[in-house]
Amino acid sequence: MGYKSDIEIAQECVMDPISKVAEAAGIDEEYLEYYGKYKAKISDKLMDKLDKPDGKLVLVTAINPTPAGEGKTTTSIGLIDALSRLGKHPVGAIREPSMGPVFGVKGGAAGGGYAQVVPMEDINLHFTGDMHAIGAANNLLAAMVDNSIQQGNPFNIDPRKVIWRRCVDMNDRQLRNVIDGLGTRLDGVPRSDGFDITVASEVMATFCLAKDLMDLKQRLSKLIVGYTYGKASEEKPVTAGDLGAAGAMTALLKDAIKPNLVQTLEHTPVLVHGGPFANIAHGCNSVIATRTALKLGDYCVTEAGFGADLGAEKFLDIKCRFAGLKPNAVVIVATVRALKYNGGVAKADLNNENLEALEKGLPNLLKHVSNIKNVYHLPCVVAINAFPTDTKAELDLVEEKCKELGVNVCLSEVWAKGGEGGIDLAKEVVRLCEQDNSTFTYSYELEGTSIEDKLNAIVQKVYGGDHVEFTANAKKQMKKLEDAGYSNVPICVAKTQYSLTDDPTRLGAPSGFVVTVRNLKISAGAGFIVALTGEISTMPGLPKHPAAMDIDVDENGKITGLF
C-alpha cells in the first residue's frame with residue numbers, strides 16, 4: 001500500500017467549524033470575521049481585551065535547505081499538536097505561503113502528512129486575499145509614482161532614479177526587467193522598471209513588522225519611491241507620504257492586517273498571517289499574529305524561513321528587536337538525508353546508510369546549533385524529522401555530535417503520526433522553556449557600529465566567514481545611507497538559502513570565505529537596510545517542470561497535485 005498524498009490526507013480530515021476552534025482558543029465570536037466555515041479573521045479589537053501574561057515563545061528553524069527536504073513547517077505544526085496532547089494550550093503563528101513556490105518548485109507550505117494546517121488548498125492558494133491586498137497596495141503606489149511624473153512631475157522625480165518596483169505573487173522571470181510607459185505621450189513616460197514577487201516587496205516586510213493599523217500607515221508613508229533630479233550629493237528622496245499615497249494604501253490593507261485563524265488536522269488553533277521570503281526579506285510571520293498568539297496561548301510556536309542563517313538570524317536580530325520579543329526555546333530541524341546531501345551524497349543515493357557522508361554533512365547542523373547557543377545564548381533542541389530509511393547508527397551519530405555541544409536530539413515522527421509523533425520533542429521544548437533565557441543577545445549592536453561592522457558581525461558570527469566585501473557601487477550606496485542617517489538600523493541580508501556563503505554550491509559549513517555585497521538599499525518602511533549578495537533575485541523563475549503542471553481540479557472542484 002502506498003502513502004497517501006498530503007492533499008488526500010487534508011481532504012479526508014473532518015474540520016471543526018472555525019467558531020469551535022476560536023472558542024477553544026478563548027476568542028469570543030464578536031471578534032471573528034468569517035471567511036466561510038473554516039477560516040476567520042480576528043478583529044484588531046481583540047488585543048485590547050486580552051489582559052494576561054504572554055505565553056512561552058518557541059522558534060522553529062532549520063539547517064540550510066536541500067533537495068532532500070527538512071520539514072520545518074511540518075515539524076512546527078506537529079509540535080503544536082504534541083503540546084496540545086500534553087495538556088498545554090498552544091497557538092501556532094506561521095507564514096502564509098506564496099503562490100510562486102506553490103506553482104514552482106517547492107509546492108505547498110501548509111505542513112505535510114498528518115501535521116498540516118487546513119484547509120490546505122485555500123491556505124496555499126488565495127486564502128483570505130491578504131497577498132492580493134499587499135500586491136494591490138504596492139502597485140497603487142507604483143501607479144501614483146508614474147502618474148506624478150506624467151502629471152507635471154511636481155516632486156521633480158528623476159524617472160531614471162525611480163526605485164519602487166511593481167509586484168505579482170507568481171514566479172515570472174520575464175518581468176524582472178521591463179520597459180514601460182511606451183506608446184503616446186498620454187501613456188506615460190518610458191522608463192526602465194521591473195517586478196518583484198509580492199513576498200519580496202517592501203510592503204510585505206513593512207506589513208509584517210507593523211504593530212497595528214496606524215503604525216502600518218506611518219511606516220508606509222516612509223517608503224522611498226525614488227529620487228529627484230540632480231547630482232548624487234543634491235538629490236532628495238521622494239516618499240509615499242510625499243505622494244499622498246499612504247492613506248489609500250492603508251485602506252487597501254485594513255482587513256489584511258487582521259490575523260487569519262485556521263486549525264491543524266487535530267483542531268489546534270493556528271494563525272497564518274504574512275509571508276515575506278527569508279532569503280530576500282526578513283522571513284517571519286506578522287508581529288501582530290505572533291503577539292496575538294502569545295496572548296491567546298501558553299505556548300506560541302512560530303517559524304522563520306529557510307535555514308537559521310537567514311530566517312532565525314532575521315527573527316532574532318530584526319523582529320525580536322523591533323517587537324521586544326525574547327524566545328524561550330529554539331527548535332532546529334534537520335533530516336539525516338539532508339545532512340548526507342551536505343556530505344556529498346547524490347539525491348538518488350540518500351536512502352542508503354552512509355556514516356562517512358553524514359559525518360561530513362553534520363558541520364552544517366552543528367554550526368546552526370552553535371549559533372543559537374553561543375551567539376544568541378538561547379536554549380535549543382535538534383529535531384530530526386524522521387524518514388523510514390534512517391538507520392539507528394545514523395541517528396546515534398547525530399545525537400552524539402549534538403550532545404558534544406550540550407544539545408539534546410529528539411526524533412520527530414509527526415509526518416506519519418501527527419501530534420503523537422512529536423511528544424518527545426514537545427516534552428523537551430517544555431523543559432527548555434523553563435530555563436533562563438535572560439542571556440539572550442543579538443549578533444550585533446545597532447548603536448555605535450557602522451553598516452560594514454554589522455555586516456561583518458553577521459558574516460563572521462552567523463555564517464562562519466572571514467569578512468564582507470563591497471562592490472564599488474555598494475560602497476557609494478553605503479556612504480549615501482550613512483550620510484542620510486541610516487547607520488543605526490538593522491541589516492537584512494538577501495542571500496542564497498542553500499549555503500552559509502553567498503555561493504549556493506558551497507554546502508556544509510565552509511570557513512574563510514568572503515561575502516560580496518553588490519547592492520545596499522534602505523527599506524524605510526520596514527526599518528532596515530537590505531544588503532543584496534551573490535546572485536540573489538527578488539523575482540524567482542519557474543523550473544523546467546513547474547509544480548503547476550501537476551495540479552488539476554475535477555468537475556466536483558476537488559484539487560489534485562497540490563502538495
# chains A, B, ... in the order shown; residues from 1 in each chain; ligands from 1
>>> select_by_dssp(residues="range 157-370 of chain A", states="strand (DSSP E)", output="PyMOL selection string")
chain A and resi 157-162+166-168+178-180+191-193+195-197+224-228+237-239+260-264+269-272+299-303+329-334
>>> closest_atom_pairs(of="range 271-377 of chain A", to="range 525-534 of chain A", cutoff="12 Å", atoms="only C-alpha atoms", output="JSON lines")
{"residue": "A:Pro276", "atom": "CA", "partner": "A:Ala526", "partner_atom": "CA", "distance": 11.5}
{"residue": "A:Ala278", "atom": "CA", "partner": "A:Val530", "partner_atom": "CA", "distance": 11.8}
{"residue": "A:Asn279", "atom": "CA", "partner": "A:Leu532", "partner_atom": "CA", "distance": 9.7}
{"residue": "A:Ile280", "atom": "CA", "partner": "A:Leu532", "partner_atom": "CA", "distance": 7.9}
{"residue": "A:Ala281", "atom": "CA", "partner": "A:Val530", "partner_atom": "CA", "distance": 7.8}
{"residue": "A:His282", "atom": "CA", "partner": "A:Val530", "partner_atom": "CA", "distance": 9.6}
{"residue": "A:Ser286", "atom": "CA", "partner": "A:Ala526", "partner_atom": "CA", "distance": 11.9}
{"residue": "A:Val287", "atom": "CA", "partner": "A:Ala526", "partner_atom": "CA", "distance": 12.0}
{"residue": "A:Lys314", "atom": "CA", "partner": "A:Phe528", "partner_atom": "CA", "distance": 10.6}
{"residue": "A:Asp317", "atom": "CA", "partner": "A:Phe528", "partner_atom": "CA", "distance": 10.7}
{"residue": "A:Ile318", "atom": "CA", "partner": "A:Phe528", "partner_atom": "CA", "distance": 8.1}
{"residue": "A:Lys319", "atom": "CA", "partner": "A:Ala526", "partner_atom": "CA", "distance": 10.2}
{"residue": "A:Arg321", "atom": "CA", "partner": "A:Gly527", "partner_atom": "CA", "distance": 11.2}
{"residue": "A:Phe322", "atom": "CA", "partner": "A:Gly527", "partner_atom": "CA", "distance": 9.0}
>>> write_last_selection(atoms="C-alpha atoms", output="compact mmCIF listing (two decimals), in the first residue's frame")
# COMPACT_ATOMS: atom_id res chain seq x y z
CA PRO A 276 7.98 37.56 3.48
CA ALA A 278 13.69 34.87 4.27
CA ASN A 279 16.33 34.84 1.52
CA ILE A 280 15.22 38.34 0.43
CA ALA A 281 13.19 39.88 3.27
CA HIS A 282 13.06 39.00 6.99
CA SER A 286 3.49 39.22 11.25
CA VAL A 287 4.31 40.78 14.61
CA LYS A 314 16.45 37.91 10.99
CA ASP A 317 18.16 40.43 15.09
CA ILE A 318 15.25 42.23 13.42
CA LYS A 319 11.80 41.02 14.51
CA ARG A 321 14.45 43.73 18.36
CA PHE A 322 11.53 45.68 16.87
>>> residues_around(residues="Asn285 in chain A", least_positions_apart="2", cutoff="9 Å", atoms="only C-alpha atoms", output="PDB file with all heavy atoms, in the first residue's frame")
ATOM      1  N   ALA A  93       1.743  30.299  15.054  1.00  0.00           N
ATOM      2  CA  ALA A  93       1.804  31.568  14.320  1.00  0.00           C
ATOM      3  C   ALA A  93       2.804  31.373  13.183  1.00  0.00           C
ATOM      4  O   ALA A  93       4.014  31.437  13.398  1.00  0.00           O
ATOM      5  CB  ALA A  93       2.233  32.708  15.232  1.00  0.00           C
ATOM      6  N   ILE A  94       2.289  31.079  11.990  1.00  0.00           N
ATOM      7  CA  ILE A  94       3.170  30.771  10.869  1.00  0.00           C
ATOM      8  C   ILE A  94       2.868  31.678   9.684  1.00  0.00           C
ATOM      9  O   ILE A  94       1.888  32.422   9.679  1.00  0.00           O
ATOM     10  CB  ILE A  94       3.058  29.283  10.453  1.00  0.00           C
ATOM     11  CG1 ILE A  94       1.664  28.953   9.929  1.00  0.00           C
ATOM     12  CG2 ILE A  94       3.431  28.373  11.633  1.00  0.00           C
ATOM     13  CD1 ILE A  94       1.535  27.533   9.398  1.00  0.00           C
ATOM     14  N   ARG A  95       3.719  31.579   8.654  1.00  0.00           N
ATOM     15  CA  ARG A  95       3.585  32.448   7.488  1.00  0.00           C
ATOM     16  C   ARG A  95       2.583  31.874   6.486  1.00  0.00           C
ATOM     17  O   ARG A  95       2.363  30.665   6.417  1.00  0.00           O
ATOM     18  CB  ARG A  95       4.936  32.609   6.787  1.00  0.00           C
ATOM     19  CG  ARG A  95       5.968  33.361   7.599  1.00  0.00           C
ATOM     20  CD  ARG A  95       7.314  33.366   6.893  1.00  0.00           C
ATOM     21  NE  ARG A  95       7.782  32.011   6.660  1.00  0.00           N
ATOM     22  CZ  ARG A  95       8.644  31.670   5.698  1.00  0.00           C
ATOM     23  NH1 ARG A  95       9.131  32.584   4.901  1.00  0.00           N
ATOM     24  NH2 ARG A  95       9.032  30.428   5.569  1.00  0.00           N
ATOM     25  N   GLU A  96       2.038  32.789   5.690  1.00  0.00           N
ATOM     26  CA  GLU A  96       1.175  32.386   4.584  1.00  0.00           C
ATOM     27  C   GLU A  96       2.031  32.041   3.376  1.00  0.00           C
ATOM     28  O   GLU A  96       2.940  32.800   3.023  1.00  0.00           O
ATOM     29  CB  GLU A  96       0.218  33.526   4.235  1.00  0.00           C
ATOM     30  CG  GLU A  96      -0.715  33.210   3.076  1.00  0.00           C
ATOM     31  CD  GLU A  96      -1.661  34.351   2.775  1.00  0.00           C
ATOM     32  OE1 GLU A  96      -1.743  35.299   3.584  1.00  0.00           O
ATOM     33  OE2 GLU A  96      -2.310  34.293   1.715  1.00  0.00           O
ATOM     34  N   CYS A 208       4.420  43.109   7.887  1.00  0.00           N
ATOM     35  CA  CYS A 208       4.681  42.086   8.898  1.00  0.00           C
ATOM     36  C   CYS A 208       5.388  42.629  10.143  1.00  0.00           C
ATOM     37  O   CYS A 208       5.402  41.962  11.174  1.00  0.00           O
ATOM     38  CB  CYS A 208       5.489  40.946   8.295  1.00  0.00           C
ATOM     39  SG  CYS A 208       4.492  39.881   7.235  1.00  0.00           S
ATOM     40  N   LEU A 209       5.962  43.820  10.054  1.00  0.00           N
ATOM     41  CA  LEU A 209       6.624  44.400  11.216  1.00  0.00           C
ATOM     42  C   LEU A 209       5.784  45.464  11.919  1.00  0.00           C
ATOM     43  O   LEU A 209       6.158  45.943  12.995  1.00  0.00           O
ATOM     44  CB  LEU A 209       7.974  44.998  10.806  1.00  0.00           C
ATOM     45  CG  LEU A 209       9.052  43.963  10.459  1.00  0.00           C
ATOM     46  CD1 LEU A 209      10.278  44.631   9.862  1.00  0.00           C
ATOM     47  CD2 LEU A 209       9.438  43.140  11.689  1.00  0.00           C
ATOM     48  N   VAL A 272      -2.246  32.121  10.593  1.00  0.00           N
ATOM     49  CA  VAL A 272      -1.438  32.148   9.372  1.00  0.00           C
ATOM     50  C   VAL A 272      -1.532  33.559   8.811  1.00  0.00           C
ATOM     51  O   VAL A 272      -2.595  33.974   8.350  1.00  0.00           O
ATOM     52  CB  VAL A 272      -1.937  31.112   8.347  1.00  0.00           C
ATOM     53  CG1 VAL A 272      -1.099  31.169   7.081  1.00  0.00           C
ATOM     54  CG2 VAL A 272      -1.898  29.699   8.942  1.00  0.00           C
ATOM     55  N   HIS A 273      -0.409  34.284   8.849  1.00  0.00           N
ATOM     56  CA  HIS A 273      -0.513  35.712   8.540  1.00  0.00           C
ATOM     57  C   HIS A 273       0.827  36.285   8.091  1.00  0.00           C
ATOM     58  O   HIS A 273       1.801  36.270   8.842  1.00  0.00           O
ATOM     59  CB  HIS A 273      -0.992  36.470   9.774  1.00  0.00           C
ATOM     60  CG  HIS A 273      -1.492  37.844   9.494  1.00  0.00           C
ATOM     61  ND1 HIS A 273      -1.142  38.934  10.263  1.00  0.00           N
ATOM     62  CD2 HIS A 273      -2.316  38.329   8.530  1.00  0.00           C
ATOM     63  CE1 HIS A 273      -1.743  40.018   9.796  1.00  0.00           C
ATOM     64  NE2 HIS A 273      -2.462  39.670   8.741  1.00  0.00           N
ATOM     65  N   GLY A 274       0.875  36.800   6.882  1.00  0.00           N
ATOM     66  CA  GLY A 274       2.088  37.405   6.346  1.00  0.00           C
ATOM     67  C   GLY A 274       3.060  36.352   5.853  1.00  0.00           C
ATOM     68  O   GLY A 274       3.093  35.237   6.364  1.00  0.00           O
ATOM     69  N   GLY A 275       3.863  36.717   4.853  1.00  0.00           N
ATOM     70  CA  GLY A 275       4.762  35.694   4.330  1.00  0.00           C
ATOM     71  C   GLY A 275       5.987  36.194   3.605  1.00  0.00           C
ATOM     72  O   GLY A 275       6.244  35.789   2.476  1.00  0.00           O
ATOM     73  N   PRO A 276       6.788  37.095   4.184  1.00  0.00           N
ATOM     74  CA  PRO A 276       7.984  37.557   3.482  1.00  0.00           C
ATOM     75  C   PRO A 276       9.013  36.444   3.314  1.00  0.00           C
ATOM     76  O   PRO A 276       9.209  35.628   4.213  1.00  0.00           O
ATOM     77  CB  PRO A 276       8.519  38.669   4.391  1.00  0.00           C
ATOM     78  CG  PRO A 276       7.989  38.345   5.741  1.00  0.00           C
ATOM     79  CD  PRO A 276       6.660  37.706   5.518  1.00  0.00           C
ATOM     80  N   GLY A 283      11.549  37.122   6.496  1.00  0.00           N
ATOM     81  CA  GLY A 283      11.168  35.724   6.599  1.00  0.00           C
ATOM     82  C   GLY A 283      10.358  35.296   7.801  1.00  0.00           C
ATOM     83  O   GLY A 283      10.388  34.123   8.174  1.00  0.00           O
ATOM     84  N   VAL A 287       4.187  40.476  13.180  1.00  0.00           N
ATOM     85  CA  VAL A 287       4.308  40.779  14.608  1.00  0.00           C
ATOM     86  C   VAL A 287       2.939  40.709  15.273  1.00  0.00           C
ATOM     87  O   VAL A 287       2.802  40.206  16.397  1.00  0.00           O
ATOM     88  CB  VAL A 287       4.931  42.177  14.799  1.00  0.00           C
ATOM     89  CG1 VAL A 287       4.773  42.657  16.244  1.00  0.00           C
ATOM     90  CG2 VAL A 287       6.410  42.169  14.409  1.00  0.00           C
ATOM     91  N   ILE A 288       1.906  41.178  14.569  1.00  0.00           N
ATOM     92  CA  ILE A 288       0.552  41.177  15.127  1.00  0.00           C
ATOM     93  C   ILE A 288       0.097  39.754  15.435  1.00  0.00           C
ATOM     94  O   ILE A 288      -0.458  39.474  16.505  1.00  0.00           O
ATOM     95  CB  ILE A 288      -0.433  41.870  14.169  1.00  0.00           C
ATOM     96  CG1 ILE A 288      -0.116  43.371  14.082  1.00  0.00           C
ATOM     97  CG2 ILE A 288      -1.879  41.656  14.596  1.00  0.00           C
ATOM     98  CD1 ILE A 288      -0.919  44.112  13.035  1.00  0.00           C
ATOM     99  N   ALA A 289       0.336  38.824  14.496  1.00  0.00           N
ATOM    100  CA  ALA A 289      -0.076  37.435  14.716  1.00  0.00           C
ATOM    101  C   ALA A 289       0.702  36.800  15.857  1.00  0.00           C
ATOM    102  O   ALA A 289       0.136  36.083  16.701  1.00  0.00           O
ATOM    103  CB  ALA A 289       0.100  36.626  13.435  1.00  0.00           C
ATOM    104  N   THR A 290       1.998  37.042  15.904  1.00  0.00           N
ATOM    105  CA  THR A 290       2.809  36.466  16.978  1.00  0.00           C
ATOM    106  C   THR A 290       2.375  36.996  18.333  1.00  0.00           C
ATOM    107  O   THR A 290       2.223  36.233  19.298  1.00  0.00           O
ATOM    108  CB  THR A 290       4.304  36.782  16.746  1.00  0.00           C
ATOM    109  OG1 THR A 290       4.706  36.275  15.476  1.00  0.00           O
ATOM    110  CG2 THR A 290       5.168  36.146  17.827  1.00  0.00           C
ATOM    111  N   THR A 302       6.223  29.434  16.529  1.00  0.00           N
ATOM    112  CA  THR A 302       6.341  30.166  15.276  1.00  0.00           C
ATOM    113  C   THR A 302       7.561  29.660  14.524  1.00  0.00           C
ATOM    114  O   THR A 302       8.380  28.918  15.067  1.00  0.00           O
ATOM    115  CB  THR A 302       6.429  31.683  15.521  1.00  0.00           C
ATOM    116  OG1 THR A 302       6.308  32.387  14.290  1.00  0.00           O
ATOM    117  CG2 THR A 302       7.738  32.067  16.201  1.00  0.00           C
ATOM    118  N   GLU A 303       7.680  30.049  13.264  1.00  0.00           N
ATOM    119  CA  GLU A 303       8.828  29.604  12.478  1.00  0.00           C
ATOM    120  C   GLU A 303       9.393  30.771  11.686  1.00  0.00           C
ATOM    121  O   GLU A 303       8.730  31.789  11.486  1.00  0.00           O
ATOM    122  CB  GLU A 303       8.430  28.478  11.514  1.00  0.00           C
ATOM    123  CG  GLU A 303       7.427  28.915  10.468  1.00  0.00           C
ATOM    124  CD  GLU A 303       7.176  27.850   9.402  1.00  0.00           C
ATOM    125  OE1 GLU A 303       7.918  26.857   9.358  1.00  0.00           O
ATOM    126  OE2 GLU A 303       6.249  28.042   8.611  1.00  0.00           O
ATOM    127  N   ALA A 304      10.621  30.617  11.259  1.00  0.00           N
ATOM    128  CA  ALA A 304      11.271  31.595  10.397  1.00  0.00           C
ATOM    129  C   ALA A 304      11.816  30.863   9.181  1.00  0.00           C
ATOM    130  O   ALA A 304      12.284  29.730   9.285  1.00  0.00           O
ATOM    131  CB  ALA A 304      12.395  32.300  11.148  1.00  0.00           C
TER     132      ALA A 304
END
>>> closest_residue(among="A:Gly508, A:Arg166, A:Gln150, A:Thr228", to="Gly181 in chain A", atoms="only C-alpha atoms")
A:Gln150
>>> closest_residue(among="A:Gly71, A:Pro90, A:Pro379, A:Gly557", to="Tyr299 in chain A", atoms="only C-alpha atoms")
A:Pro90
>>> residues_around(residues="range 474-476 of chain A", least_positions_apart="3", cutoff="12 Å", atoms="only C-alpha atoms", output="ChimeraX atom specification")
/A:232-233,451-452,468-471,479-483,516-521,530-533
>>> write_last_selection(atoms="C-alpha atoms", output="compact mmCIF listing (two decimals), in the first residue's frame")
# COMPACT_ATOMS: atom_id res chain seq x y z
CA ALA A 232 24.16 62.44 -6.17
CA SER A 233 25.02 64.95 -3.47
CA ILE A 451 26.87 49.28 8.33
CA GLU A 452 30.09 47.46 7.48
CA VAL A 468 32.36 41.18 3.81
CA GLU A 469 33.46 42.94 0.64
CA PHE A 470 31.58 45.65 -1.27
CA THR A 471 31.41 46.36 -4.96
CA LYS A 479 28.21 56.19 2.19
CA LYS A 480 24.93 57.64 0.95
CA LEU A 481 22.97 55.68 3.56
CA GLU A 482 25.31 56.67 6.37
CA ASP A 483 25.20 60.33 5.31
CA THR A 516 30.25 40.15 -1.55
CA VAL A 517 27.60 42.85 -1.21
CA ARG A 518 26.59 44.20 -4.60
CA ASN A 519 23.73 46.47 -3.57
CA LEU A 520 22.56 48.28 -0.45
CA LYS A 521 19.18 49.95 -0.12
CA VAL A 530 18.71 45.37 2.64
CA ALA A 531 22.11 44.05 1.55
CA LEU A 532 21.91 42.06 -1.69
CA THR A 533 24.66 39.48 -2.05
>>> residues_around(residues="range 538-547 of chain A", least_positions_apart="3", cutoff="6 Å", atoms="only C-alpha atoms", output="ChimeraX atom specification")
/A:103-105,171-173,196-197,550
>>> write_last_selection(atoms="C-alpha atoms", output="PDB file, in the first residue's frame")
ATOM      1  CA  PHE A 103       3.362  26.613  -8.596  1.00  0.00           C
ATOM      2  CA  GLY A 104       7.157  26.495  -8.921  1.00  0.00           C
ATOM      3  CA  VAL A 105       9.493  24.058  -7.162  1.00  0.00           C
ATOM      4  CA  ASN A 171       7.361  33.237 -10.257  1.00  0.00           C
ATOM      5  CA  ASP A 172       7.704  35.140 -13.547  1.00  0.00           C
ATOM      6  CA  ARG A 173      11.290  35.829 -14.611  1.00  0.00           C
ATOM      7  CA  ASP A 196       9.371  41.636  -7.620  1.00  0.00           C
ATOM      8  CA  ILE A 197       7.425  38.686  -6.270  1.00  0.00           C
ATOM      9  CA  ASP A 550       0.867  18.542 -11.922  1.00  0.00           C
TER      10      ASP A 550
END
>>> residues_around(residues="Phe207 in chain A", least_positions_apart="4", cutoff="12 Å", atoms="only C-alpha atoms", output="PyMOL selection string")
chain A and resi 130-131+133-135+137-138+198-203+211-220+223+249-250+252-259+273-276+281-282+284-289+525-527
>>> residues_around(residues="Gly112 in chain A", least_positions_apart="6", cutoff="12 Å", atoms="only C-alpha atoms", output="NGL selection string")
:A and (3-10 or 69-78 or 118 or 120 or 264-265 or 385 or 413-418 or 562-563)
>>> closest_residue(among="A:Glu266, A:Leu141, A:Ala312, A:Leu57", to="Ser221 in chain A", atoms="only C-alpha atoms")
A:Leu141
>>> closest_residue(among="A:Lys558, A:Asn124, A:Lys236, A:Leu425", to="Pro101 in chain A", atoms="only C-alpha atoms")
A:Asn124
>>> select_by_dssp(residues="range 12-110 of chain A", states="helix (DSSP H, G or I)", output="ChimeraX atom specification")
/A:12,18-25,29-31,46-49,72-85,99-103
>>> atom_distance(atom1="CA of Val168 in chain A", atom2="CA of Thr61 in chain A")
27.1 Å
>>> closest_residue(among="A:Leu366, A:Ile18, A:Ala248, A:Val145", to="Val225 in chain A", atoms="only C-alpha atoms")
A:Val145
>>> closest_residue(among="A:Glu359, A:Glu428, A:Asp28, A:Glu353", to="Val381 in chain A", atoms="only C-alpha atoms")
A:Glu428
>>> atom_distance(atom1="CA of Tyr498 in chain A", atom2="CA of Ser412 in chain A")
23.0 Å
>>> atom_distance(atom1="CA of Leu271 in chain A", atom2="CA of Leu296 in chain A")
10.7 Å
>>> decode(residues="range 403-423 of chain A", atoms="N, CA and C atoms", output="compact mmCIF listing (two decimals), in the first residue's frame")
# COMPACT_ATOMS: atom_id res chain seq x y z
N LYS A 403 25.23 16.25 21.29
CA LYS A 403 25.43 16.23 22.75
C LYS A 403 26.80 16.79 23.11
N GLU A 404 27.75 16.71 22.17
CA GLU A 404 29.06 17.31 22.43
C GLU A 404 28.94 18.83 22.57
N LEU A 405 27.87 19.40 21.99
CA LEU A 405 27.60 20.83 22.12
C LEU A 405 26.61 21.12 23.25
N GLY A 406 26.22 20.07 23.98
CA GLY A 406 25.30 20.24 25.09
C GLY A 406 23.85 20.41 24.67
N VAL A 407 23.50 19.85 23.50
CA VAL A 407 22.14 19.99 22.97
C VAL A 407 21.53 18.61 22.75
N ASN A 408 20.30 18.42 23.21
CA ASN A 408 19.62 17.15 23.04
C ASN A 408 19.02 17.02 21.63
N VAL A 409 18.81 15.79 21.22
CA VAL A 409 18.22 15.48 19.91
C VAL A 409 16.94 14.68 20.14
N CYS A 410 15.87 15.06 19.46
CA CYS A 410 14.61 14.33 19.54
C CYS A 410 14.20 13.88 18.15
N LEU A 411 13.78 12.64 18.04
CA LEU A 411 13.27 12.13 16.78
C LEU A 411 11.82 12.58 16.63
N SER A 412 11.53 13.23 15.51
CA SER A 412 10.17 13.72 15.26
C SER A 412 9.52 12.87 14.18
N GLU A 413 8.40 12.25 14.52
CA GLU A 413 7.66 11.42 13.57
C GLU A 413 6.28 12.01 13.29
N VAL A 414 6.20 13.33 13.27
CA VAL A 414 4.90 13.98 13.15
C VAL A 414 4.30 13.83 11.75
N TRP A 415 5.13 13.68 10.72
CA TRP A 415 4.59 13.50 9.37
C TRP A 415 3.73 12.24 9.33
N ALA A 416 4.20 11.18 9.94
CA ALA A 416 3.47 9.90 9.89
C ALA A 416 2.45 9.75 11.01
N LYS A 417 2.65 10.41 12.15
CA LYS A 417 1.82 10.15 13.33
C LYS A 417 1.12 11.39 13.88
N GLY A 418 1.33 12.55 13.27
CA GLY A 418 0.73 13.77 13.82
C GLY A 418 1.32 14.11 15.17
N GLY A 419 0.50 14.68 16.05
CA GLY A 419 0.98 15.12 17.36
C GLY A 419 1.60 14.01 18.17
N GLU A 420 1.09 12.80 18.04
CA GLU A 420 1.63 11.66 18.79
C GLU A 420 3.12 11.47 18.49
N GLY A 421 3.51 11.74 17.25
CA GLY A 421 4.90 11.55 16.85
C GLY A 421 5.83 12.66 17.31
N GLY A 422 5.29 13.68 17.99
CA GLY A 422 6.12 14.77 18.46
C GLY A 422 6.13 14.92 19.97
N ILE A 423 5.67 13.91 20.69
CA ILE A 423 5.56 14.01 22.15
C ILE A 423 6.92 14.23 22.80
